[in-house]
>>> print(open('my_file06.cif').read())   # mmCIF, C-alpha atoms and all ligand atoms
data_query
#
loop_
_atom_site.label_atom_id
_atom_site.label_comp_id
_atom_site.auth_asym_id
_atom_site.auth_seq_id
_atom_site.Cartn_x
_atom_site.Cartn_y
_atom_site.Cartn_z
CA MET P 1 19.17 -1.43 9.51
CA LYS P 2 19.44 2.36 9.53
CA GLY P 3 16.50 4.43 10.73
CA ILE P 4 16.36 6.42 7.50
CA VAL P 5 15.22 3.22 5.74
CA PHE P 6 12.29 2.97 8.20
CA THR P 7 11.32 6.65 8.28
CA GLU P 8 11.26 6.92 4.49
CA PHE P 9 9.39 3.63 4.21
CA LEU P 10 6.65 4.71 6.60
CA ASP P 11 6.40 8.10 4.85
CA LEU P 12 5.84 6.34 1.54
CA VAL P 13 3.28 3.93 3.06
CA GLU P 14 1.42 6.96 4.41
CA GLU P 15 1.54 8.73 1.06
CA LYS P 16 0.33 5.68 -0.91
CA PHE P 17 -2.07 4.01 1.56
CA GLY P 18 -2.79 6.56 4.29
CA LEU P 19 -1.90 7.03 7.95
CA GLU P 20 -4.33 4.31 9.04
CA MET P 21 -2.29 1.72 7.13
CA VAL P 22 0.88 2.93 8.91
CA ASP P 23 -0.86 2.50 12.27
CA THR P 24 -2.19 -0.93 11.30
CA ILE P 25 1.11 -2.45 10.18
CA ILE P 26 2.93 -1.01 13.20
CA SER P 27 0.39 -2.36 15.68
CA GLN P 28 0.31 -5.79 13.97
CA SER P 29 4.10 -6.11 14.28
CA GLU P 30 6.12 -6.89 17.38
CA LEU P 31 8.55 -4.01 17.38
CA GLU P 32 11.24 -3.41 19.98
CA SER P 33 11.31 0.19 18.73
CA GLU P 34 7.53 0.41 19.12
CA GLY P 35 7.50 1.88 15.63
CA VAL P 36 9.37 5.03 16.64
CA TYR P 37 12.36 5.58 14.36
CA THR P 38 14.94 8.32 14.01
CA ALA P 39 16.90 8.66 10.76
CA VAL P 40 20.31 8.07 12.36
CA GLY P 41 19.26 5.28 14.74
CA THR P 42 19.80 1.60 14.04
CA TYR P 43 17.04 -1.01 14.29
CA LYS P 44 16.62 -4.70 13.68
CA PHE P 45 16.04 -5.83 10.11
CA SER P 46 13.33 -8.16 11.46
CA GLU P 47 11.26 -5.02 12.18
CA MET P 48 11.36 -4.03 8.49
CA LEU P 49 10.49 -7.59 7.51
CA GLN P 50 7.42 -7.60 9.75
CA LEU P 51 6.25 -4.22 8.43
CA LEU P 52 6.68 -5.46 4.85
CA GLN P 53 4.88 -8.74 5.58
CA HIS P 54 1.88 -6.99 7.10
CA LEU P 55 1.74 -4.39 4.32
CA SER P 56 1.96 -7.17 1.74
CA ALA P 57 -0.87 -9.12 3.40
CA ARG P 58 -3.08 -6.01 3.62
CA THR P 59 -2.49 -4.78 0.08
CA ASN P 60 -2.02 -8.09 -1.77
CA ILE P 61 1.21 -6.75 -3.22
CA LYS P 62 4.22 -9.08 -3.17
CA ILE P 63 7.09 -8.07 -0.87
CA ASP P 64 9.47 -7.93 -3.86
CA ASP P 65 7.15 -5.48 -5.62
CA LEU P 66 6.87 -3.35 -2.47
CA LEU P 67 10.67 -3.29 -2.20
CA LEU P 68 11.01 -2.33 -5.86
CA VAL P 69 8.68 0.67 -5.54
CA TYR P 70 10.20 1.63 -2.21
CA ALA P 71 13.73 1.60 -3.69
CA GLU P 72 12.62 3.89 -6.52
CA HIS P 73 11.48 6.35 -3.86
CA PHE P 74 14.63 5.80 -1.75
CA PHE P 75 16.91 6.64 -4.69
CA GLY P 76 15.53 10.20 -4.59
CA VAL P 77 16.30 10.37 -0.87
CA LEU P 78 19.88 9.20 -1.45
CA LYS P 79 20.31 11.65 -4.32
CA ASP P 80 19.16 14.58 -2.16
CA SER P 81 21.05 13.48 0.95
CA TYR P 82 24.37 12.52 -0.68
CA PRO P 83 24.64 14.54 -3.92
CA GLY P 84 28.44 14.41 -3.72
CA LEU P 85 28.46 10.65 -4.18
CA LEU P 86 26.59 10.82 -7.47
CA VAL P 87 28.39 13.72 -9.19
CA THR P 88 31.51 11.55 -9.44
CA TYR P 89 29.74 9.47 -12.09
CA LYS P 90 28.89 10.17 -15.72
CA ASP P 91 27.66 6.73 -16.63
CA PRO P 92 25.21 4.29 -14.96
CA ILE P 93 27.31 1.17 -15.64
CA GLU P 94 30.35 2.85 -14.06
CA MET P 95 28.28 3.88 -11.06
CA LEU P 96 26.73 0.43 -10.48
CA ALA P 97 30.11 -1.28 -10.87
CA SER P 98 31.42 1.03 -8.12
CA ILE P 99 28.83 0.33 -5.40
CA GLU P 100 31.06 -2.16 -3.65
CA ASN P 101 34.40 -0.34 -3.88
CA HIS P 102 33.27 3.26 -3.62
CA ILE P 103 29.62 4.10 -2.87
CA HIS P 104 28.96 1.72 -0.02
CA VAL P 105 32.51 2.26 1.29
CA GLU P 106 31.58 5.93 1.75
CA VAL P 107 28.24 4.93 3.29
CA ARG P 108 30.09 2.84 5.85
CA LYS P 109 32.19 5.89 6.81
CA ILE P 110 28.98 7.82 7.54
CA TYR P 111 27.17 4.87 9.21
CA PRO P 112 29.72 2.36 10.59
CA ASP P 113 26.86 0.06 11.61
CA ALA P 114 25.11 0.02 8.20
CA GLU P 115 24.04 -3.44 7.01
CA LEU P 116 25.10 -3.45 3.39
CA PRO P 117 25.02 -6.15 0.72
CA THR P 118 28.03 -7.14 -1.39
CA PHE P 119 28.10 -6.74 -5.17
CA GLU P 120 30.79 -8.71 -6.97
CA VAL P 121 31.42 -7.67 -10.58
CA LEU P 122 31.79 -10.73 -12.84
CA GLU P 123 31.77 -9.06 -16.27
CA LYS P 124 31.74 -5.46 -17.38
CA SER P 125 31.67 -3.73 -20.77
CA ASP P 126 30.62 -0.24 -21.90
CA ASN P 127 27.00 -1.35 -22.16
CA SER P 128 26.65 -4.35 -19.88
CA LEU P 129 27.37 -5.52 -16.38
CA VAL P 130 27.01 -8.84 -14.58
CA MET P 131 27.13 -8.74 -10.79
CA ILE P 132 26.45 -11.11 -7.93
CA TYR P 133 24.39 -9.68 -5.07
CA LYS P 134 24.84 -11.28 -1.66
CA SER P 135 23.02 -10.35 1.52
CA SER P 136 21.29 -12.23 4.33
CA ARG P 137 18.44 -9.70 3.93
CA ALA P 138 17.54 -10.86 0.38
CA MET P 139 16.66 -7.30 -0.68
CA HIS P 140 17.51 -7.93 -4.35
CA HIS P 141 14.40 -6.11 -5.52
CA PHE P 142 15.46 -3.08 -3.51
CA GLY P 143 18.70 -3.26 -5.53
CA LEU P 144 16.69 -3.60 -8.75
CA GLY P 145 14.71 -0.43 -7.98
CA LEU P 146 17.89 1.52 -7.22
CA MET P 147 19.42 0.26 -10.47
CA ASN P 148 16.36 1.33 -12.52
CA LYS P 149 16.61 4.82 -11.02
CA THR P 150 20.37 4.94 -11.58
CA PHE P 151 19.77 4.53 -15.33
CA GLU P 152 16.95 7.09 -15.25
CA HIS P 153 19.27 9.54 -13.46
CA PHE P 154 21.60 9.39 -16.49
CA ASN P 155 18.65 9.67 -18.94
CA SER P 156 19.11 6.07 -19.92
CA THR P 157 17.27 2.75 -19.55
CA ALA P 158 18.35 -0.85 -19.20
CA THR P 159 17.04 -4.39 -19.32
CA ILE P 160 17.87 -6.04 -16.01
CA GLU P 161 17.44 -9.76 -15.42
CA LEU P 162 17.69 -11.49 -12.04
CA GLU P 163 18.78 -15.10 -11.65
CA LYS P 164 18.51 -16.53 -8.17
CA ILE P 165 21.60 -18.50 -7.24
CA LYS P 166 20.10 -19.37 -3.88
CA GLU P 167 16.38 -20.02 -3.71
CA ASP P 168 15.95 -17.80 -0.63
CA GLY P 169 17.27 -14.79 -2.57
CA THR P 170 20.38 -14.25 -0.46
CA GLU P 171 22.52 -14.72 -3.58
CA VAL P 172 21.30 -13.34 -6.91
CA LYS P 173 22.97 -12.73 -10.28
CA PHE P 174 22.09 -9.42 -11.97
CA LEU P 175 22.46 -9.27 -15.76
CA ILE P 176 22.30 -5.63 -16.78
CA ASN P 177 22.15 -4.48 -20.43
CA LYS P 178 21.87 -0.83 -21.40
CA ASN P 179 19.12 -0.33 -24.01
C1 LIG O 201 21.31 -0.40 1.49
C2 LIG O 201 23.27 3.97 0.90
C3 LIG O 201 23.46 3.29 -3.85
C4 LIG O 201 22.06 -1.27 -3.23
C5 LIG O 201 21.75 0.88 1.72
C6 LIG O 201 21.59 1.59 2.98
C7 LIG O 201 22.15 2.81 2.82
C8 LIG O 201 22.66 2.88 1.46
C9 LIG O 201 22.23 3.93 3.86
C10 LIG O 201 20.91 1.05 4.25
C11 LIG O 201 21.89 0.38 5.16
C12 LIG O 201 21.26 -0.03 6.49
O1 LIG O 201 20.05 0.06 6.62
O2 LIG O 201 21.96 -0.43 7.45
C13 LIG O 201 23.49 4.17 -0.45
C14 LIG O 201 23.90 5.43 -1.05
C15 LIG O 201 23.94 5.24 -2.40
C16 LIG O 201 23.56 3.85 -2.62
C17 LIG O 201 24.21 6.71 -0.27
C18 LIG O 201 24.26 6.19 -3.52
C19 LIG O 201 24.41 7.48 -3.41
C20 LIG O 201 23.08 2.01 -4.10
C21 LIG O 201 22.88 1.47 -5.42
C22 LIG O 201 22.50 0.20 -5.27
C23 LIG O 201 22.45 -0.09 -3.82
C24 LIG O 201 23.04 2.23 -6.75
C25 LIG O 201 22.19 -0.66 -6.43
C26 LIG O 201 21.95 -1.87 -6.47
C27 LIG O 201 21.67 -1.42 -1.91
C28 LIG O 201 20.91 -2.55 -1.39
C29 LIG O 201 20.70 -2.29 -0.02
C30 LIG O 201 21.33 -1.01 0.26
C31 LIG O 201 20.43 -3.76 -2.18
C32 LIG O 201 19.84 -3.12 0.98
C33 LIG O 201 20.62 -3.86 2.01
C34 LIG O 201 20.89 -5.32 1.65
O3 LIG O 201 20.50 -5.77 0.55
O4 LIG O 201 21.53 -6.03 2.46
N1 LIG O 201 22.41 1.68 0.82
N2 LIG O 201 23.31 3.23 -1.42
N3 LIG O 201 22.81 1.04 -3.15
N4 LIG O 201 21.92 -0.52 -0.89
FE1 LIG O 201 22.81 1.28 -1.13
#
>>> encode(input="my_file06.cif", output="structure tokens", more="lines below")
Ligand code: HEM
Amino acid sequence: MKGIVFTEFLDLVEEKFGLEMVDTIISQSELESEGVYTAVGTYKFSEMLQLLQHLSARTNIKIDDLLLVYAEHFFGVLKDSYPGLLVTYKDPIEMLASIENHIHVEVRKIYPDAELPTFEVLEKSDNSLVMIYKSSRAMHHFGLGLMNKTFEHFNSTATIELEKIKEDGTEVKFLINKN
């Protein structure tokens, strides 16, 4: 997992819960990195999982809800860091349908070692999209947060339903309907 995902996460934890919480979740976790991350470095996903588990235990907020809020913050980071990727799009459905074949393809050119999910488009119309998310990291709620912000970016909203295909969340169907 790329360092930018860790640095932005810890910044948000500090903003929402304070520096003491950052220190606590780092010291409770067993981190090869010792909790020192640089944006372009690459670290084990298990480090993120431990940080999330400890934050969840401390705050009583479910990991999925933490990932959702974090993704909404991360969208702003992506927008500021890679504005060129977003200007190509005029419509949220078009943008989301292009994650697999365009957006994440470009991400892989920048970070060859990025750990990205796959999104397979099953059905697409002007106002709806059905996609299958697959990733061993089960970060479907991170995807959900990015999708919510994608619609907001285009001054739009959507109703998005998740259907787990695999109980562990490594395969999830997204049913997206523009409001
Ligand atoms: C992960 C870039 C848009 C879904 C990531 C990561 C980067 C990235 C750098 C982390 C990879 C790693 O840690 O190794 C971008 C950029 C985007 C974009 C630059 C647009 C400008 C989206 C959108 C979605 C999405 C719109 C919507 C669903 C995900 C998910 C992950 C991810 C779910 C977590 C990894 C996983 O589930 O395995 N993306 N992304 N991304 N991205 Fe994107």
>>> residues_near_ligand(input="my_file06.cif", ligand="ligand LIG 201 (chain O)", cutoff="8 Å", atoms="all atoms listed in the file", output="PyMOL selection string")
chain P and resi 1-5+42+45+75+78-79+81-83+85-86+95-96+99+103-104+106-107+111+113-119+133-147+150
>>> closest_atom_pairs(input="my_file06.cif", of="region 83-113 of chain P", to="region 122-128 of chain P", cutoff="9 Å", atoms="only C-alpha atoms", output="JSON lines")
{"residue": "P:Ile93", "atom": "CA", "partner": "P:Ser128", "partner_atom": "CA", "distance": 7.0}
{"residue": "P:Glu94", "atom": "CA", "partner": "P:Asp126", "partner_atom": "CA", "distance": 8.4}
{"residue": "P:Ala97", "atom": "CA", "partner": "P:Lys124", "partner_atom": "CA", "distance": 7.9}
>>> atom_distance(input="my_file06.cif", atom1="CA of Ile160 (chain P)", atom2="CA of Lys178 (chain P)")
8.5 Å
>>> closest_residue(input="my_file06.cif", among="P:Asp65, P:Glu15, P:Glu171, P:Glu72", to="Lys149 (chain P)", atoms="all atoms listed in the file")
P:Glu72
>>> atom_distance(input="my_file06.cif", atom1="CA of Ile176 (chain P)", atom2="CA of Leu129 (chain P)")
5.1 Å
>>> build_atoms(input="my_file06.cif", residues="region 99-112 of chain P", atoms="N, CA, C and O atoms", output="PDB file, in the frame of the given file")
ATOM      1  N   ILE P  99      29.556   0.348  -6.679  1.00  0.00           N
ATOM      2  CA  ILE P  99      28.830   0.330  -5.400  1.00  0.00           C
ATOM      3  C   ILE P  99      29.724  -0.265  -4.321  1.00  0.00           C
ATOM      4  O   ILE P  99      29.908   0.309  -3.243  1.00  0.00           O
ATOM      5  N   GLU P 100      30.299  -1.419  -4.650  1.00  0.00           N
ATOM      6  CA  GLU P 100      31.060  -2.160  -3.650  1.00  0.00           C
ATOM      7  C   GLU P 100      32.337  -1.436  -3.217  1.00  0.00           C
ATOM      8  O   GLU P 100      32.613  -1.354  -2.023  1.00  0.00           O
ATOM      9  N   ASN P 101      33.077  -0.893  -4.204  1.00  0.00           N
ATOM     10  CA  ASN P 101      34.400  -0.340  -3.880  1.00  0.00           C
ATOM     11  C   ASN P 101      34.404   1.156  -3.626  1.00  0.00           C
ATOM     12  O   ASN P 101      35.410   1.708  -3.213  1.00  0.00           O
ATOM     13  N   HIS P 102      33.298   1.830  -3.904  1.00  0.00           N
ATOM     14  CA  HIS P 102      33.270   3.260  -3.620  1.00  0.00           C
ATOM     15  C   HIS P 102      32.018   3.686  -2.835  1.00  0.00           C
ATOM     16  O   HIS P 102      32.123   4.106  -1.683  1.00  0.00           O
ATOM     17  N   ILE P 103      30.833   3.517  -3.458  1.00  0.00           N
ATOM     18  CA  ILE P 103      29.620   4.100  -2.870  1.00  0.00           C
ATOM     19  C   ILE P 103      29.354   3.557  -1.463  1.00  0.00           C
ATOM     20  O   ILE P 103      29.262   4.329  -0.494  1.00  0.00           O
ATOM     21  N   HIS P 104      29.270   2.266  -1.346  1.00  0.00           N
ATOM     22  CA  HIS P 104      28.960   1.720  -0.020  1.00  0.00           C
ATOM     23  C   HIS P 104      30.141   1.834   0.945  1.00  0.00           C
ATOM     24  O   HIS P 104      29.944   1.797   2.164  1.00  0.00           O
ATOM     25  N   VAL P 105      31.357   2.001   0.419  1.00  0.00           N
ATOM     26  CA  VAL P 105      32.510   2.260   1.290  1.00  0.00           C
ATOM     27  C   VAL P 105      32.317   3.620   1.977  1.00  0.00           C
ATOM     28  O   VAL P 105      32.532   3.767   3.181  1.00  0.00           O
ATOM     29  N   GLU P 106      31.843   4.605   1.184  1.00  0.00           N
ATOM     30  CA  GLU P 106      31.580   5.930   1.750  1.00  0.00           C
ATOM     31  C   GLU P 106      30.405   5.875   2.733  1.00  0.00           C
ATOM     32  O   GLU P 106      30.424   6.552   3.762  1.00  0.00           O
ATOM     33  N   VAL P 107      29.392   5.066   2.398  1.00  0.00           N
ATOM     34  CA  VAL P 107      28.240   4.930   3.290  1.00  0.00           C
ATOM     35  C   VAL P 107      28.695   4.390   4.645  1.00  0.00           C
ATOM     36  O   VAL P 107      28.261   4.858   5.700  1.00  0.00           O
ATOM     37  N   ARG P 108      29.610   3.437   4.591  1.00  0.00           N
ATOM     38  CA  ARG P 108      30.090   2.840   5.850  1.00  0.00           C
ATOM     39  C   ARG P 108      30.860   3.853   6.708  1.00  0.00           C
ATOM     40  O   ARG P 108      30.873   3.754   7.925  1.00  0.00           O
ATOM     41  N   LYS P 109      31.485   4.844   6.042  1.00  0.00           N
ATOM     42  CA  LYS P 109      32.190   5.890   6.810  1.00  0.00           C
ATOM     43  C   LYS P 109      31.168   6.769   7.557  1.00  0.00           C
ATOM     44  O   LYS P 109      31.424   7.233   8.654  1.00  0.00           O
ATOM     45  N   ILE P 110      30.010   6.985   6.911  1.00  0.00           N
ATOM     46  CA  ILE P 110      28.980   7.820   7.540  1.00  0.00           C
ATOM     47  C   ILE P 110      28.242   7.019   8.623  1.00  0.00           C
ATOM     48  O   ILE P 110      27.976   7.512   9.709  1.00  0.00           O
ATOM     49  N   TYR P 111      27.901   5.760   8.284  1.00  0.00           N
ATOM     50  CA  TYR P 111      27.170   4.870   9.210  1.00  0.00           C
ATOM     51  C   TYR P 111      27.984   3.602   9.411  1.00  0.00           C
ATOM     52  O   TYR P 111      27.793   2.624   8.679  1.00  0.00           O
ATOM     53  N   PRO P 112      28.884   3.561  10.407  1.00  0.00           N
ATOM     54  CA  PRO P 112      29.720   2.360  10.590  1.00  0.00           C
ATOM     55  C   PRO P 112      28.894   1.094  10.829  1.00  0.00           C
ATOM     56  O   PRO P 112      29.369  -0.005  10.548  1.00  0.00           O
TER      57      PRO P 112
END
